[in-house]
file work_23.cif (mmCIF, C-alpha atoms and all ligand atoms)
data_work
#
loop_
_atom_site.label_atom_id
_atom_site.label_comp_id
_atom_site.auth_asym_id
_atom_site.auth_seq_id
_atom_site.Cartn_x
_atom_site.Cartn_y
_atom_site.Cartn_z
CA LEU A 251 11.01 21.99 35.28
CA LYS A 252 8.52 24.82 34.93
CA ASP A 253 4.81 23.96 35.26
CA PHE A 254 2.83 23.52 32.06
CA ALA A 255 -0.69 22.55 31.07
CA TYR A 256 -1.06 19.10 29.48
CA VAL A 257 -3.57 18.76 26.63
CA ALA A 258 -4.21 15.44 24.86
CA ALA A 259 -5.88 16.36 21.57
CA SER A 260 -8.15 13.86 19.86
CA SER A 261 -8.43 15.56 16.47
CA LEU A 262 -6.28 17.54 14.06
CA GLY A 263 -8.60 20.54 14.39
CA GLU A 264 -8.27 20.59 18.16
CA ALA A 265 -4.47 20.29 17.98
CA VAL A 266 -4.08 23.03 15.36
CA GLY A 267 -6.36 25.26 17.48
CA VAL A 268 -4.10 24.86 20.54
CA LEU A 269 -0.96 25.50 18.48
CA SER A 270 -2.48 28.56 16.81
CA THR A 271 -3.56 30.04 20.13
CA HIS A 272 -0.29 29.50 22.02
CA GLY A 273 2.27 29.71 19.20
CA GLU A 274 5.84 29.07 20.42
CA ARG A 275 4.55 28.55 23.98
CA ALA A 276 2.87 25.26 22.97
CA LYS A 277 5.05 22.20 22.28
CA VAL A 278 3.92 19.05 20.54
CA LEU A 279 4.62 15.82 22.42
CA ALA A 280 4.94 12.60 20.40
CA GLY A 281 7.27 10.13 22.18
CA GLY A 282 8.67 12.90 24.36
CA THR A 283 12.22 11.51 24.26
CA ASP A 284 13.60 14.84 23.04
CA LEU A 285 10.95 17.22 24.32
CA LEU A 286 10.99 16.18 27.97
CA VAL A 287 14.79 16.26 28.07
CA HIS A 288 14.77 19.76 26.57
CA LEU A 289 12.08 21.01 28.95
CA ARG A 290 14.06 19.75 31.90
CA GLU A 291 17.64 20.53 30.88
CA THR A 292 17.57 23.53 28.54
CA PRO A 293 16.06 27.01 28.74
CA LEU A 294 13.14 25.73 26.60
CA GLU A 295 9.82 26.47 28.31
CA ALA A 296 6.22 25.66 27.45
CA ASP A 297 2.86 26.87 28.72
CA VAL A 298 1.14 23.92 27.05
CA VAL A 299 2.42 20.46 26.16
CA LEU A 300 0.20 19.07 23.43
CA ASP A 301 0.07 15.26 23.31
CA VAL A 302 -0.81 14.17 19.76
CA LYS A 303 -0.81 10.39 20.19
CA ARG A 304 -4.62 10.14 20.33
CA ILE A 305 -5.15 11.79 16.94
CA PRO A 306 -6.10 8.97 14.54
CA GLU A 307 -4.20 10.31 11.51
CA LEU A 308 -0.96 10.44 13.51
CA GLY A 309 -1.26 6.79 14.53
CA GLU A 310 -1.62 5.50 10.98
CA LEU A 311 0.90 2.97 9.66
CA ARG A 312 -0.12 1.70 6.24
CA PHE A 313 2.03 0.03 3.59
CA ASP A 314 0.94 -1.06 0.16
CA GLY A 315 3.47 -2.26 -2.44
CA GLY A 316 1.69 -0.26 -5.15
CA ARG A 317 0.98 2.92 -3.20
CA GLY A 318 3.83 3.24 -0.75
CA LEU A 319 3.99 3.91 2.96
CA VAL A 320 2.09 6.29 5.22
CA LEU A 321 3.90 6.70 8.53
CA GLY A 322 1.87 8.66 11.07
CA ALA A 323 3.87 11.18 13.10
CA ALA A 324 3.08 9.44 16.41
CA VAL A 325 4.07 5.90 15.37
CA PRO A 326 7.03 4.67 17.48
CA CYS A 327 10.21 3.43 15.81
CA TRP A 328 9.86 -0.23 16.81
CA ARG A 329 6.72 -0.66 14.72
CA LEU A 330 8.75 -0.05 11.57
CA TYR A 331 11.37 -2.75 12.08
CA ASP A 332 8.70 -5.12 13.42
CA ALA A 333 6.92 -5.02 10.02
CA PRO A 334 8.72 -7.29 7.48
CA ASP A 335 7.07 -5.57 4.48
CA ILE A 336 8.39 -2.19 5.58
CA VAL A 337 11.86 -3.57 6.36
CA ASN A 338 11.91 -5.05 2.87
CA ALA A 339 10.70 -1.91 1.11
CA TYR A 340 12.56 0.86 3.01
CA PRO A 341 15.59 -0.80 4.59
CA ALA A 342 17.60 2.40 5.22
CA LEU A 343 14.68 3.74 7.23
CA THR A 344 14.49 0.62 9.37
CA ASP A 345 18.29 0.58 9.76
CA ALA A 346 17.90 4.00 11.41
CA ALA A 347 14.78 3.14 13.43
CA ARG A 348 16.74 0.29 15.05
CA ILE A 349 19.55 2.54 16.28
CA VAL A 350 17.67 5.52 17.75
CA GLY A 351 18.69 5.05 21.40
CA GLY A 352 17.93 1.54 22.66
CA TRP A 353 14.73 -0.50 23.02
CA GLN A 354 13.24 1.71 25.66
CA ILE A 355 13.71 4.82 23.51
CA GLN A 356 12.47 3.06 20.36
CA SER A 357 9.28 2.03 22.12
CA ARG A 358 8.37 5.73 22.51
CA ALA A 359 10.43 7.73 20.01
CA THR A 360 8.93 8.51 16.62
CA VAL A 361 10.46 9.24 13.22
CA GLY A 362 8.22 12.31 13.06
CA GLY A 363 9.68 13.60 16.35
CA ASN A 364 13.20 12.90 15.11
CA LEU A 365 12.47 15.03 12.03
CA CYS A 366 10.65 17.86 13.85
CA ASN A 367 13.42 18.05 16.46
CA ALA A 368 15.68 19.01 13.52
CA SER A 369 18.99 17.91 14.99
CA PRO A 370 21.80 17.96 12.41
CA ALA A 371 22.67 14.45 13.67
CA ALA A 372 19.13 13.00 13.51
CA ASP A 373 19.51 9.39 12.41
CA THR A 374 16.25 8.91 10.54
CA VAL A 375 16.43 12.05 8.41
CA PRO A 376 19.07 10.95 5.84
CA PRO A 377 17.03 7.78 5.16
CA LEU A 378 13.86 9.89 4.81
CA ILE A 379 15.68 12.04 2.24
CA VAL A 380 17.00 9.13 0.15
CA GLU A 381 13.65 7.32 0.33
CA ARG A 382 12.00 10.52 -1.03
CA ALA A 383 9.65 11.00 1.93
CA VAL A 384 7.21 13.91 1.91
CA ALA A 385 5.93 15.59 5.09
CA ARG A 386 2.18 16.05 5.34
CA ILE A 387 1.52 19.13 7.46
CA ALA A 388 -1.70 20.42 9.10
CA GLY A 389 -2.18 24.08 9.89
CA PRO A 390 -4.73 26.88 10.34
CA SER A 391 -5.19 27.20 6.57
CA GLY A 392 -5.49 23.49 5.86
CA GLU A 393 -2.92 20.94 4.76
CA ARG A 394 0.27 21.18 2.72
CA ARG A 395 3.08 18.85 1.70
CA VAL A 396 6.82 19.52 1.87
CA PRO A 397 9.57 17.13 0.70
CA VAL A 398 11.65 16.09 3.73
CA VAL A 399 14.80 17.33 1.99
CA GLU A 400 13.43 20.88 2.50
CA PHE A 401 11.93 20.38 5.97
CA CYS A 402 14.84 21.24 8.29
CA THR A 403 16.11 24.79 7.83
CA ALA A 404 18.70 25.19 10.65
CA PRO A 405 19.61 23.40 13.90
CA ARG A 406 16.25 22.85 15.69
CA LYS A 407 14.38 24.90 13.05
CA THR A 408 11.93 23.60 10.48
CA VAL A 409 9.51 24.90 7.87
CA LEU A 410 6.64 24.51 10.35
CA ALA A 411 4.91 27.88 10.88
CA ARG A 412 2.74 29.03 13.80
CA GLY A 413 -0.16 26.64 14.30
CA GLU A 414 1.35 23.91 12.09
CA MET A 415 2.20 20.32 12.94
CA LEU A 416 3.37 17.20 11.16
CA ILE A 417 0.62 14.69 10.45
CA ALA A 418 2.51 11.94 8.62
CA LEU A 419 5.37 11.04 6.34
CA GLU A 420 4.46 9.66 2.92
CA PHE A 421 6.81 7.46 0.90
CA PRO A 422 6.55 6.49 -2.76
CA PRO A 423 6.28 2.76 -3.46
CA PRO A 424 9.57 0.84 -3.65
CA VAL A 425 11.10 0.41 -7.12
CA GLU A 426 12.27 -2.93 -8.55
CA ARG A 427 16.02 -3.59 -8.33
CA SER A 428 16.53 -0.92 -5.70
CA GLY A 429 18.02 -1.03 -2.23
CA SER A 430 19.05 1.35 0.54
CA ARG A 431 21.29 1.44 3.59
CA TYR A 432 21.95 3.77 6.53
CA LEU A 433 25.19 3.71 8.49
CA ARG A 434 26.49 5.93 11.24
CA PHE A 435 29.76 6.18 13.06
CA ILE A 436 29.72 6.46 16.84
CA PRO A 437 32.65 5.92 19.16
CA ARG A 438 30.63 3.65 21.44
CA ASN A 439 28.57 0.64 20.38
CA GLU A 440 25.22 2.19 21.16
CA MET A 441 23.28 5.05 22.74
CA ASP A 442 25.38 7.78 21.20
CA ILE A 443 24.96 10.66 18.78
CA ALA A 444 26.29 10.18 15.25
CA VAL A 445 29.72 11.64 14.50
CA VAL A 446 28.63 11.18 10.87
CA GLY A 447 25.65 9.37 9.34
CA ALA A 448 25.23 8.38 5.68
CA ALA A 449 22.24 6.98 3.81
CA ALA A 450 22.34 5.67 0.25
CA HIS A 451 19.64 4.51 -2.14
CA LEU A 452 20.45 2.79 -5.44
CA THR A 453 18.32 1.66 -8.36
CA LEU A 454 19.97 -0.64 -10.92
CA ASP A 455 19.35 -0.54 -14.65
CA PRO A 456 17.92 -3.97 -15.60
CA ALA A 457 19.63 -4.05 -19.02
CA SER A 458 23.15 -2.75 -18.36
CA ARG A 459 23.31 -3.60 -14.65
CA SER A 460 24.83 -0.18 -14.09
CA ILE A 461 23.32 2.41 -11.73
CA ALA A 462 20.09 3.95 -13.01
CA GLU A 463 19.64 6.33 -10.08
CA ALA A 464 21.35 7.07 -6.77
CA ARG A 465 20.54 9.21 -3.76
CA ILE A 466 22.94 9.97 -0.92
CA ALA A 467 22.24 11.99 2.25
CA LEU A 468 24.37 12.83 5.27
CA ALA A 469 23.90 13.63 8.96
CA ALA A 470 26.09 15.54 11.44
CA VAL A 471 28.21 17.34 8.83
CA ALA A 472 26.14 20.51 8.27
CA PRO A 473 23.57 22.64 10.15
CA THR A 474 20.86 20.28 8.83
CA PRO A 475 20.90 16.78 7.37
CA VAL A 476 21.88 17.25 3.70
CA PHE A 477 21.28 15.69 0.30
CA ALA A 478 24.60 15.07 -1.49
CA SER A 479 23.34 16.19 -4.90
CA GLU A 480 26.59 16.13 -6.89
CA ALA A 481 27.62 12.65 -5.75
CA SER A 482 24.07 11.36 -6.35
CA ALA A 483 23.89 12.77 -9.89
CA TRP A 484 27.41 11.59 -10.77
CA LEU A 485 26.52 7.94 -10.02
CA ALA A 486 23.70 7.76 -12.61
CA GLY A 487 24.85 5.61 -15.53
CA LYS A 488 28.07 4.51 -13.79
CA PRO A 489 28.95 0.86 -13.18
CA ALA A 490 27.99 -0.38 -9.72
CA THR A 491 31.57 -0.96 -8.62
CA GLU A 492 33.75 -0.20 -5.62
CA GLU A 493 35.64 2.32 -7.78
CA SER A 494 32.42 4.27 -8.47
CA PHE A 495 31.51 4.20 -4.78
CA VAL A 496 34.94 5.53 -3.75
CA ARG A 497 34.55 8.42 -6.21
CA ALA A 498 31.00 9.11 -4.97
CA GLY A 499 32.34 9.20 -1.41
CA GLU A 500 34.84 11.85 -2.44
CA LEU A 501 32.14 13.91 -4.22
CA ALA A 502 29.81 13.60 -1.21
CA LYS A 503 32.39 15.50 0.85
CA LYS A 504 31.46 18.60 -1.16
CA ALA A 505 28.03 18.60 0.49
CA ALA A 506 29.60 18.55 3.97
CA VAL A 507 30.53 21.64 5.98
CA PRO A 508 31.37 19.96 9.28
CA ILE A 509 32.32 21.65 12.51
CA SER A 510 34.87 20.47 15.05
CA ASP A 511 33.35 19.58 18.41
CA LEU A 512 33.80 17.12 21.24
CA ARG A 513 32.77 14.25 18.94
CA GLY A 514 35.56 14.90 16.47
CA PRO A 515 37.42 17.45 14.36
CA ALA A 516 36.02 18.58 11.02
CA GLU A 517 38.78 16.79 9.04
CA TYR A 518 37.90 13.51 10.73
CA ARG A 519 34.24 13.98 9.86
CA LEU A 520 35.13 14.62 6.22
CA HIS A 521 37.19 11.45 6.16
CA LEU A 522 34.24 9.53 7.63
CA VAL A 523 31.92 10.86 4.92
CA GLY A 524 34.09 9.13 2.30
CA VAL A 525 34.19 5.87 4.24
CA LEU A 526 30.50 5.73 5.21
CA VAL A 527 29.18 6.76 1.78
CA ARG A 528 31.25 4.03 0.12
CA ARG A 529 30.02 1.44 2.60
CA ALA A 530 26.39 2.60 2.50
CA LEU A 531 26.43 2.40 -1.32
CA ALA A 532 27.90 -1.12 -1.15
CA GLY A 533 25.15 -2.09 1.32
CA ALA A 534 22.45 -0.55 -0.87
CA LEU A 535 23.83 -2.45 -3.90
CA ASP A 536 23.75 -5.73 -2.01
CA ARG A 537 20.11 -5.12 -1.11
CA ALA A 538 19.22 -4.02 -4.66
CA ARG A 539 20.49 -7.44 -5.72
CA GLY A 540 18.26 -9.14 -3.17
CA GLY A 541 20.61 -9.23 -0.18
CA SER A 542 19.45 -9.25 3.43
CA ARG A 543 17.56 -6.27 4.81
CA GLU A 544 18.81 -6.96 8.29
CA PRO A 545 21.70 -4.72 9.35
CA ARG A 546 23.71 -7.74 10.49
CA PRO A 547 23.00 -11.32 11.50
CA PHE A 548 20.67 -11.66 14.45
CA HIS A 549 22.07 -12.42 17.83
CA PRO A 550 20.71 -15.68 19.18
CA ARG A 551 17.37 -15.05 20.85
CA PRO A 552 17.31 -15.31 24.61
CA GLU A 553 15.29 -18.37 25.58
CA GLY A 554 11.58 -17.87 26.08
CA ARG A 555 11.45 -14.56 24.23
CA GLY A 556 9.60 -14.68 20.95
CA SER A 557 9.37 -11.22 19.48
CA SER A 558 11.74 -10.08 16.76
CA ARG A 559 12.91 -7.26 19.04
CA ALA A 560 13.95 -9.73 21.70
CA GLY A 561 16.84 -10.99 19.57
CA ARG A 562 18.53 -7.64 19.25
CA PRO A 563 20.37 -6.61 22.35
CA GLY A 564 21.27 -2.97 22.22
CA GLY A 565 18.54 -2.08 19.74
CA GLY A 566 19.77 -4.43 17.03
CA ARG A 567 23.04 -2.88 16.08
C1 LIG B 1 18.74 8.16 25.68
C2 LIG B 1 18.44 8.79 24.34
C3 LIG B 1 19.06 8.28 23.21
C4 LIG B 1 18.81 8.84 21.96
N1 LIG B 1 19.42 8.30 20.87
C5 LIG B 1 19.22 8.85 19.65
C6 LIG B 1 19.86 8.32 18.49
O1 LIG B 1 20.60 7.34 18.55
N2 LIG B 1 19.62 8.93 17.31
C7 LIG B 1 18.78 9.99 17.19
O2 LIG B 1 18.61 10.51 16.08
N3 LIG B 1 18.14 10.51 18.27
C8 LIG B 1 18.34 9.96 19.48
N4 LIG B 1 17.70 10.48 20.58
C9 LIG B 1 16.78 11.61 20.42
C10 LIG B 1 15.27 11.21 20.31
O3 LIG B 1 15.03 9.96 20.90
C11 LIG B 1 14.85 11.15 18.83
O4 LIG B 1 15.08 12.37 18.19
C12 LIG B 1 13.37 10.73 18.68
O5 LIG B 1 13.15 10.23 17.39
C13 LIG B 1 12.40 11.86 18.98
O6 LIG B 1 11.08 11.37 18.80
P1 LIG B 1 9.94 11.65 19.88
O7 LIG B 1 8.69 11.06 19.34
O8 LIG B 1 10.34 11.21 21.22
O9 LIG B 1 9.88 13.25 19.79
P2 LIG B 1 9.37 14.31 20.89
O10 LIG B 1 10.36 14.42 21.99
O11 LIG B 1 7.97 14.04 21.25
O12 LIG B 1 9.44 15.62 19.97
C14 LIG B 1 10.66 16.08 19.46
C15 LIG B 1 10.47 17.51 18.92
O13 LIG B 1 9.62 17.50 17.78
C16 LIG B 1 8.40 18.22 18.04
N5 LIG B 1 7.34 17.38 17.48
C17 LIG B 1 7.11 16.07 17.74
N6 LIG B 1 6.08 15.63 16.98
C18 LIG B 1 5.66 16.67 16.24
C19 LIG B 1 4.62 16.83 15.29
N7 LIG B 1 3.81 15.81 14.93
N8 LIG B 1 4.45 18.04 14.73
C20 LIG B 1 5.26 19.09 15.08
N9 LIG B 1 6.26 18.99 15.98
C21 LIG B 1 6.45 17.80 16.56
C22 LIG B 1 8.32 18.36 19.56
O14 LIG B 1 7.59 19.49 19.96
C23 LIG B 1 9.79 18.45 19.92
O15 LIG B 1 10.26 19.75 19.69
C24 LIG B 1 17.91 9.93 21.85
C25 LIG B 1 17.27 10.44 22.99
C26 LIG B 1 17.53 9.87 24.23
C27 LIG B 1 16.83 10.42 25.45
#

call {"tool": "encode", "arguments": {"input": "work_23.cif", "output": "structure tokens"}}
result
Amino acid sequence: LKDFAYVAASSLGEAVGVLSTHGERAKVLAGGTDLLVHLRETPLEADVVLDVKRIPELGELRFDGGRGLVLGAAVPCWRLYDAPDIVNAYPALTDAARIVGGWQIQSRATVGGNLCNASPAADTVPPLIVERAVARIAGPSGERRVPVVEFCTAPRKTVLARGEMLIALEFPPPVERSGSRYLRFIPRNEMDIAVVGAAAHLTLDPASRSIAEARIALAAVAPTPVFASEASAWLAGKPATEESFVRAGELAKKAAVPISDLRGPAEYRLHLVGVLVRRALAGALDRARGGSREPRPFHPRPEGRGSSRAGRPGGGR
């Protein structure tokens, strides 16, 4: 590990100043669960590691049923699934927050870091896309907002320019009769990278009980997480049935351009897209109808441990 200077910024202005001065040679540190691994095990080098956890705007976590959610870029994953209002309003997001690594990782890792790391397999990004999250960005010329669906541009590349950093993710308020679900396939039970991930969001039409709107996004099947636009558009106005979900799963494959690697061949990944999209849509439908927001029944809590995290060995999968 090459030596670097450590700077803990206490304001956005200070952080943007450091990033503007050092450019690519400065790296933002949120939870550090990607950054420190990369600094140690890859050719990535930094002159300055910029800790952003003391900046007030990045620590904000605010939910209001009428205004939506503001998720600061330095808020660790566990705080999302520990907040019942947020679990209820954005269940696909909390599905993903519960499966990033295990407890130890979730106590440090942030959704903002997961997005800025821009892995094609990032678990929280498909949920961010289907929940219509917008990235609030600070930079030398002020602030700007970019929809998350446009944020990742290539593996480990984002729209962030020199001097820019993510402040927060902003979510619109939840809509009545809507639900969402995130599922991933991994060969082991936990602590693994997605072979494929699929998020689905459904809103039901109150009169016809058919689908008013659908959004589907995928991970690990393209250079970036992708929005499955054709499958999403096709579902609008269709009955909320297994048959529709199977067809949407087939259409979602058109958004996938998977590679073959040690986690599985491309054909296998395409097959998984069909399976996971169908199941994620069924899970989203169940939640739109008022079903449980929990990914599966809780394990019994170990005696003497009271927190909601304590009942979820292996990060709650
Ligand atoms: C054991 C282990 C298991 C893991 N399991 C999973 C998993 O199941 N699913 C998964 O998706 N990931 C997994 N990861 C990867 C990692 O934990 C996640 O990507 C995590 O969400 C990263 O968040 P962080 O806060 O730690 O990011 P950091 O490591 O702090 O940052 C990640 C990258 O984003 C940049 N960055 C961070 N914050 C900002 C900001 N505000 N503005 C601009 N750039 C920023 C950093 O410079 C760095 O390049 C795992 C990692 C480990 C070590």

call {"tool": "atom_distance", "arguments": {"input": "work_23.cif", "atom1": "CA of Val425 in chain A", "atom2": "CA of Gly540 in chain A"}}
result
12.6 Å

call {"tool": "residues_near_ligand", "arguments": {"input": "work_23.cif", "ligand": "ligand LIG 1 (chain B)", "cutoff": "7 Å", "atoms": "all atoms listed in the file", "output": "short mmCIF file (atom, residue, chain, number, x, y, z; two decimals) with C-alpha atoms, in the coordinates of the input"}}
result
data_model
loop_
_atom_site.label_atom_id
_atom_site.label_comp_id
_atom_site.auth_asym_id
_atom_site.auth_seq_id
_atom_site.Cartn_x
_atom_site.Cartn_y
_atom_site.Cartn_z
CA LYS A 277 5.05 22.20 22.28
CA VAL A 278 3.92 19.05 20.54
CA LEU A 279 4.62 15.82 22.42
CA ALA A 280 4.94 12.60 20.40
CA GLY A 281 7.27 10.13 22.18
CA GLY A 282 8.67 12.90 24.36
CA THR A 283 12.22 11.51 24.26
CA ASP A 284 13.60 14.84 23.04
CA LEU A 285 10.95 17.22 24.32
CA LEU A 286 10.99 16.18 27.97
CA VAL A 287 14.79 16.26 28.07
CA VAL A 302 -0.81 14.17 19.76
CA ALA A 323 3.87 11.18 13.10
CA ALA A 324 3.08 9.44 16.41
CA PRO A 326 7.03 4.67 17.48
CA ILE A 349 19.55 2.54 16.28
CA VAL A 350 17.67 5.52 17.75
CA GLY A 351 18.69 5.05 21.40
CA GLY A 352 17.93 1.54 22.66
CA ILE A 355 13.71 4.82 23.51
CA ARG A 358 8.37 5.73 22.51
CA ALA A 359 10.43 7.73 20.01
CA THR A 360 8.93 8.51 16.62
CA VAL A 361 10.46 9.24 13.22
CA GLY A 362 8.22 12.31 13.06
CA GLY A 363 9.68 13.60 16.35
CA ASN A 364 13.20 12.90 15.11
CA LEU A 365 12.47 15.03 12.03
CA CYS A 366 10.65 17.86 13.85
CA ASN A 367 13.42 18.05 16.46
CA ALA A 371 22.67 14.45 13.67
CA ALA A 372 19.13 13.00 13.51
CA ASP A 373 19.51 9.39 12.41
CA THR A 374 16.25 8.91 10.54
CA GLU A 414 1.35 23.91 12.09
CA MET A 415 2.20 20.32 12.94
CA LEU A 416 3.37 17.20 11.16
CA ILE A 417 0.62 14.69 10.45
CA MET A 441 23.28 5.05 22.74
CA ASP A 442 25.38 7.78 21.20
CA ILE A 443 24.96 10.66 18.78
#

call {"tool": "closest_residue", "arguments": {"input": "work_23.cif", "among": "A:Phe477, A:Trp484, A:Tyr340, A:Phe435", "to": "Gly514 in chain A", "atoms": "all atoms listed in the file"}}
result
A:Phe435

call {"tool": "closest_residue", "arguments": {"input": "work_23.cif", "among": "A:Ala347, A:Ala339, A:Leu485, A:Cys402", "to": "Ala538 in chain A", "atoms": "all atoms listed in the file"}}
result
A:Ala339

call {"tool": "atom_distance", "arguments": {"input": "work_23.cif", "atom1": "CA of Val325 in chain A", "atom2": "CA of Tyr256 in chain A"}}
result
20.0 Å

call {"tool": "residues_around", "arguments": {"input": "work_23.cif", "residues": "range 404-410 of chain A", "least_positions_apart": "5", "cutoff": "6 Å", "atoms": "only C-alpha atoms", "output": "list in words"}}
result
Asn367, Ala368, Ser369, Pro473 and Thr474 of chain A

call {"tool": "atom_distance", "arguments": {"input": "work_23.cif", "atom1": "CA of Gly318 in chain A", "atom2": "CA of Ile336 in chain A"}}
result
9.5 Å

call {"tool": "axis_aligned_box", "arguments": {"input": "work_23.cif", "around": "range 415-421 of chain A", "padding_each_side": "8 Å", "output": "lines of an AutoDock Vina configuration file"}}
result
center_x = 3.7
center_y = 13.9
center_z = 6.9
size_x = 22.2
size_y = 28.9
size_z = 28.0

call {"tool": "residues_around", "arguments": {"input": "work_23.cif", "residues": "Arg529 in chain A", "least_positions_apart": "4", "cutoff": "12 Å", "atoms": "all atoms listed in the file", "output": "ChimeraX atom specification"}}
result
/A:430-435,447-451,466,491-496,498-499,522-525,533-536

call {"tool": "closest_residue", "arguments": {"input": "work_23.cif", "among": "A:Leu526, A:Ala385, A:Val471, A:Val257", "to": "Phe421 in chain A", "atoms": "all atoms listed in the file"}}
result
A:Ala385

call {"tool": "closest_residue", "arguments": {"input": "work_23.cif", "among": "A:Asn338, A:Val445, A:Gly413, A:Pro377", "to": "Arg275 in chain A", "atoms": "only C-alpha atoms"}}
result
A:Gly413

call {"tool": "closest_residue", "arguments": {"input": "work_23.cif", "among": "A:Ile305, A:Val527, A:Ala483, A:Val476", "to": "Thr403 in chain A", "atoms": "only C-alpha atoms"}}
result
A:Val476

call {"tool": "residues_around", "arguments": {"input": "work_23.cif", "residues": "Ala486 in chain A", "least_positions_apart": "5", "cutoff": "6 Å", "atoms": "only C-alpha atoms", "output": "list in words"}}
result
Ile461, Ala462 and Glu463 of chain A

call {"tool": "residues_around", "arguments": {"input": "work_23.cif", "residues": "Pro423 in chain A", "least_positions_apart": "4", "cutoff": "7 Å", "atoms": "only C-alpha atoms", "output": "ChimeraX atom specification"}}
result
/A:315-319

call {"tool": "closest_residue", "arguments": {"input": "work_23.cif", "among": "A:Arg412, A:Arg304, A:Arg395, A:Gly429", "to": "Ala342 in chain A", "atoms": "all atoms listed in the file"}}
result
A:Gly429

call {"tool": "decode", "arguments": {"input": "work_23.cif", "residues": "range 413-427 of chain A", "atoms": "C-alpha atoms", "output": "mmCIF file, in the first residue's frame"}}
result
data_model
loop_
_atom_site.group_PDB
_atom_site.id
_atom_site.type_symbol
_atom_site.label_atom_id
_atom_site.label_comp_id
_atom_site.auth_asym_id
_atom_site.auth_seq_id
_atom_site.Cartn_x
_atom_site.Cartn_y
_atom_site.Cartn_z
ATOM 1 C CA GLY A 413 -13.607 18.194 -8.402
ATOM 2 C CA GLU A 414 -17.078 16.633 -8.157
ATOM 3 C CA MET A 415 -18.523 14.365 -5.489
ATOM 4 C CA LEU A 416 -21.853 12.824 -4.584
ATOM 5 C CA ILE A 417 -23.694 14.618 -1.784
ATOM 6 C CA ALA A 418 -26.896 12.585 -1.517
ATOM 7 C CA LEU A 419 -29.473 10.483 -3.297
ATOM 8 C CA GLU A 420 -32.987 11.909 -3.509
ATOM 9 C CA PHE A 421 -36.061 9.722 -3.956
ATOM 10 C CA PRO A 422 -39.589 10.795 -4.890
ATOM 11 C CA PRO A 423 -42.288 9.964 -2.338
ATOM 12 C CA PRO A 424 -43.785 6.466 -2.552
ATOM 13 C CA VAL A 425 -46.956 6.086 -4.623
ATOM 14 C CA GLU A 426 -50.135 4.358 -3.385
ATOM 15 C CA ARG A 427 -50.596 0.750 -4.546
#
